[in-house]
Amino acid sequence: MNIENFLGDIVKSSVEALYGKLEGEQLQIQKTRKEFEGDYTLVVFPLLRRSRKSPEATATEIGEYMVANVKEISAYNVIKGFLNLTLDHSFWADRFGEICRDCDYGKAKPTGRNIMIEYSSPNTNKPLHLGHIRNNLLGYSVARILEANGNNVIKVNLVNDRGIHICKSMLAWKLYGNGETPESTGMKGDHLVGKYYVEFDKHYKAQIKELMEQGLSEDEAKKKAPIMQEAQEMLRKWEARDPEVYNLWQTMNGWVYAGFDVTYKALGVDFDKVYYESQTYLLGKSIVEEGLRKGIFFRKEDNSVWIDLTADGLDQKLLLRGDGTSVYITQDLGTAFRRFEDNNLDEMIYVVGNEQNYHFQVLKLILKKLGYDWSDNIYHLSYGMVELPEGKMKSREGTVVDADDLIADMVATAREMSAELGKLDGCSEEESNAISTMVGLGALKYFILKVDPKKTMLFDPRESIDFNGNTGPFIQYTHARICSILRKAREAGIDTTTPCSTLLPIEIELIKNLCDYPNVVAAAGEAFAPSIIANYTYELAKQFNGYYHDYSILRESDSAICAMRIRLAESIAKVIKSAMYLLGIDVPDRM
RNA sequence: GGUUCCGUAGCUCAGUUGGAUAGAGCAACAGCCUUCUAAGCUGUGGGUCGCGCGUUCGAACCGCGCCGGAAUCACCA
């Protein structure tokens with residue numbers, strides 16, 4: 001049962017009984033703030049022109065009527081223009097019963113909508129870093145949230161496996177690699193390839209410096225550096241399918257994929273389909289022709305194709321080079337078209353950093369101008385950069401936080417903390433590992449997901465990630481604690497089925513929060529914001545901890561109340577587990 | 001300069017469609033483990049919601065204008 005709708009209905013019929021049929025007036029009903037008495041509040045200001053009375057008199061009149069005529073309303077009070085309504089205990093007991101019985105609580109009915117979400121999209125020339133972690137966690141979590149909202153979700157990854165940057169790594173490996181392999185060095189494949197990307201840059205910079213000392217300008221030096229020219233030659237060979245280059249490319253990409261798989265697995269993310277740019281980079285040319293035919297695009301003297309978006313406050317954008325080869329946006333036009341056609345998509349979400357806001361603005365606009373009305377169903381889930389205390393992460397300056405290192409650090413710290421607190425006493429090595437991994441990753445994931453995606457966030461490796469307060473481990477801890485209570489109740493053989501209709505105010509608060517969960521899931525789905533789920537779950541866990549501390553759950557002498565409290569704890573654990581699932585965070589039964 | 005986004009406590013962040021006295025955590029201080037997990041609980045201090053004007057019964061939220069910061073505006077991807 002949807003409480004907001006129910007309240008809307010009963011308030012509406014009461015108001016209409018008093019003042020006649022409402023036309024277009026919105027009834028504003030919200031949860032009553034903690035410091036006032038009541039469950040829900042009607043804001044009566046908008047109704048004053050109907051009642052032609054003061055706010056207080058209007059609120060009192062409606063309150064009187066509702067207590068007299070609506071059986072669920074047990075009391076009311078009026079403060080200024082706010083009518084606070086109190087719902088009957090049996091009403092909350094009924095809602096609570098519904099939650100207890102519903103195994104899939106929070107999940108919406110199927111919508112039949114097909115939604116594709118693209119995330120991760122790594123380059124194959126270097127390992128994943130902290131920025132990718134934010135991307136992966138957001139994408140994976142949003143996919144789960146959309147699923148819980150009843151949609152068919154297709155998770156895809158578009159791997160950027162071709163281009164000059166890969167050639168740089170390949171060339172440096174060929175020149176300076178001495179035949180190193182992941183096997184021979186024991187290095188993770190993506191790290192090995194990344195090492196040679198850095199190596200390339202080192203030699204490239206040295207060559208630029210040398211050429212500049214010979215009197216060349218910086219721009220000239222950058223173009224003429226032999227190693228860069230060689231890399232470009234390699235790219236040409238790759239496009240011509242030169243066997244030697246192509247083989248090396250396949251080998252080194254293979255190393256990288258093996259490395260990425262390890263990282264993805266550690267992060268707990270996965271994909272339904274992986275696209276490779278080497279297979280899609282030629283798409284989009286037919287769209288360019290279509291645009292030319294329709295007169296939306298134009299050709300310049302050098303044969304390149306452009307679109308003029310100056311009327312829309314943007315600028316001219318290249319769509320096809322003079323030599324007929326495509327650029328990034330050409331491919332994206334082609335893949336978008338194909339994805340909508342092939343999968344009967346209702347929506348396409350791209351999880352891509354905010355540095356590409358302009359690109360997606362252009363992409364949508366072009367598709368719109370071509371007359372594809374599904375362009376409105378493309379959504380760029382733009383997220384902010386992750387910054388370090390010293391400023392931005394720069395891969396060239398080595399101020400990056402490597403994803404694998406970070407994950408390992410988090411798990412190691414979690415293990416230390418757990419051991420220090422004695423949480424691992426009596427655990428097998430296997431259990432210790434499982435708990436440390438859950439807690440370490442829970443801390444990392446929660447830390448990143450609790451922040452609104454579009455905001456730039458700060459990551460301080462030394463102190464940012466904590467295990468106390470508003471953190472993943474706190475929520476995991478609360479869940480583990482509840483599980484412990486339930487185990488003890490089972491051992492004690494407490495009958496948890498005894499009905500109980502008396503509820504403390506704090507218990508009603510907890511039930512109210514539980515009732516909110518489906519709305520929270522829906523809101524998170526609408527805004528593509530896991531942060532909504534994260535902050536809700538923290539509030540719930542925090543509230544339970546306070547309750548748990550103040551009231552004995554197992555030792556209550558009244559067995560009906562004891563049973564009710566155990567059921568309440570059970571429902572909270574159920575919602576916490578379900579919410580954490582939507583964030584991709586595992587919850588332990590003990591820790 | 002154009003476009004997009006951000007600005008809330010010392011720090012990191014919440015704040016649902018405009019509502020009542022703006023909330024957490026961290027840090028600081030004071031308490032609480034013979035009773036179900038102290039990764040916890042309770043309390044204290046800490047605010048010109050960047051600034052100004054407007055809309056209205058009412059603005060952190062909506063509109064306009066400033067100030068400050070970020071990203072982007074490649075025949076890179």
# chains A, B, ... in the order shown; residues from 1 in each chain; ligands from 1
call {"tool": "select_by_dssp", "arguments": {"residues": "region 79-156 of chain A", "states": "alpha helix (DSSP H)", "output": "PyMOL selection string"}}
result
chain A and resi 89-101+130-148
call {"tool": "interface_residues", "arguments": {"of": "chain A", "to": "chain B", "cutoff": "6 Å", "atoms": "only C-alpha atoms (C1' of nucleotides)", "output": "count of residues only"}}
result
8
call {"tool": "residues_around", "arguments": {"residues": "Leu248 (chain A)", "least_positions_apart": "3", "cutoff": "10 Å", "atoms": "only C-alpha atoms (C1' of nucleotides)", "output": "ChimeraX atom specification"}}
result
/A:167,170-171,173-174,238,243-245,251-254
call {"tool": "residues_around", "arguments": {"residues": "Val386 (chain A)", "least_positions_apart": "4", "cutoff": "10 Å", "atoms": "only C-alpha atoms (C1' of nucleotides)", "output": "list of chain:residue names"}}
result
A:Leu130, A:Gly131, A:His132, A:Ile133, A:Arg134, A:Gly391, A:Lys392, A:Met393, A:Ile448, A:Lys455, A:Thr456, A:Met457, A:Leu458, A:Phe459, A:Asp460
call {"tool": "residues_around", "arguments": {"residues": "Val44 (chain A)", "least_positions_apart": "2", "cutoff": "8 Å", "atoms": "only C-alpha atoms (C1' of nucleotides)", "output": "ChimeraX atom specification"}}
result
/A:28,42,46-48,55,58-59,81-83
call {"tool": "atom_distance", "arguments": {"atom1": "CA of Asp346 (chain A)", "atom2": "CA of Leu146 (chain A)"}}
result
12.7 Å
call {"tool": "residues_around", "arguments": {"residues": "Ala225 (chain A)", "least_positions_apart": "6", "cutoff": "10 Å", "atoms": "only C-alpha atoms (C1' of nucleotides)", "output": "ChimeraX atom specification"}}
result
/A:203-211
call {"tool": "atom_distance", "arguments": {"atom1": "CA of Ala240 (chain A)", "atom2": "CA of Tyr276 (chain A)"}}
result
17.8 Å
call {"tool": "atom_distance", "arguments": {"atom1": "C1' of C32 (chain B)", "atom2": "CA of Glu463 (chain A)"}}
result
26.8 Å
call {"tool": "select_by_dssp", "arguments": {"residues": "region 5-162 of chain A", "states": "strand (DSSP E or B)", "output": "PyMOL selection string"}}
result
chain A and resi 28-31+40-43+73-79+82-87+114-118+123+129+152-160
call {"tool": "residues_around", "arguments": {"residues": "Ala434 (chain A)", "least_positions_apart": "6", "cutoff": "12 Å", "atoms": "only C-alpha atoms (C1' of nucleotides)", "output": "ChimeraX atom specification"}}
result
/A:411-412,414-415,418,424,427-428,440-442,586-591
